[in-house]
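Working notes, structure below.
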Amino acid sequence: MVTQLRPDLAEALSRQFGTTAEDARVKRTAKALAANGISVLLASDAAEAKRIVIDLIPEGSEVHEGTSETLAATGITDEIEESGRYRPVRPRIRSMD
């Protein structure tokens, strides 16, 4: 594990990525993405983010979500893999030799 080789890394990553971005920065980023043709959906909290994502996925769809602490923390991974509403790909991949 990288943090075992560099114990200071966990603290550095926490400082860099462990804080919430300021609203002005989020708005600038959303505007820049939209200017490049990328649709932006903003959520006020984790529950709203989960609702937005889940509402975008048609029931019965085959879904592959990459490993993500954010998806796990918001409950999106569990919803995809355990609700029975979708055909999750990751559990099948993990079961392969």
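The chains in the structure tokens are called A, B, ... from first to last as shown; in each chain the residues are counted from 1, and the ligands are counted from 1 in the order shown.
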Spatial neighbours of Glu79 in chain A, max dist 12 Å, only C-alpha atoms, sep filter under 6 positions, as a ChimeraX atom specification
/A:50-51,53-55,57,59,63,65,71-73,85-88
DSSP-assigned helix (DSSP H, G or I) among chain A, expressed as a VMD selection string:
chain A and resid 2 to 5 8 to 17 23 to 35 46 to 56 69 to 74 76 to 82 90 to 94
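Closest to Ala47 in chain A among A:Ala34, A:Ala21, A:Ile76, A:Val26 is A:Ile76, based on only C-alpha atoms.
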One-decimal distance in Å that lies between CA of Ala24 in chain A and CA of Asn36 in chain A
18.6 Å
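Atom to atom, CA of Arg90 in chain A and CA of Gly66 in chain A stand 8.2 Å apart.
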What are the DSSP strand (DSSP E or B) residues of chain A, as an MDAnalysis selection string?
chainID A and resid 62:63 87:88
Residue selection dump (C-alpha atoms) as a short mmCIF file (atom, residue, chain, number, x, y, z; two decimals), in the first residue's frame:
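Dumped everything to out29.cif:
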data_model
loop_
_atom_site.label_atom_id
_atom_site.label_comp_id
_atom_site.auth_asym_id
_atom_site.auth_seq_id
_atom_site.Cartn_x
_atom_site.Cartn_y
_atom_site.Cartn_z
CA GLU A 62 -26.42 -3.60 -16.90
CA VAL A 63 -24.28 -1.23 -14.84
CA ARG A 87 -27.60 -6.04 -13.45
CA PRO A 88 -24.29 -5.06 -11.81
#
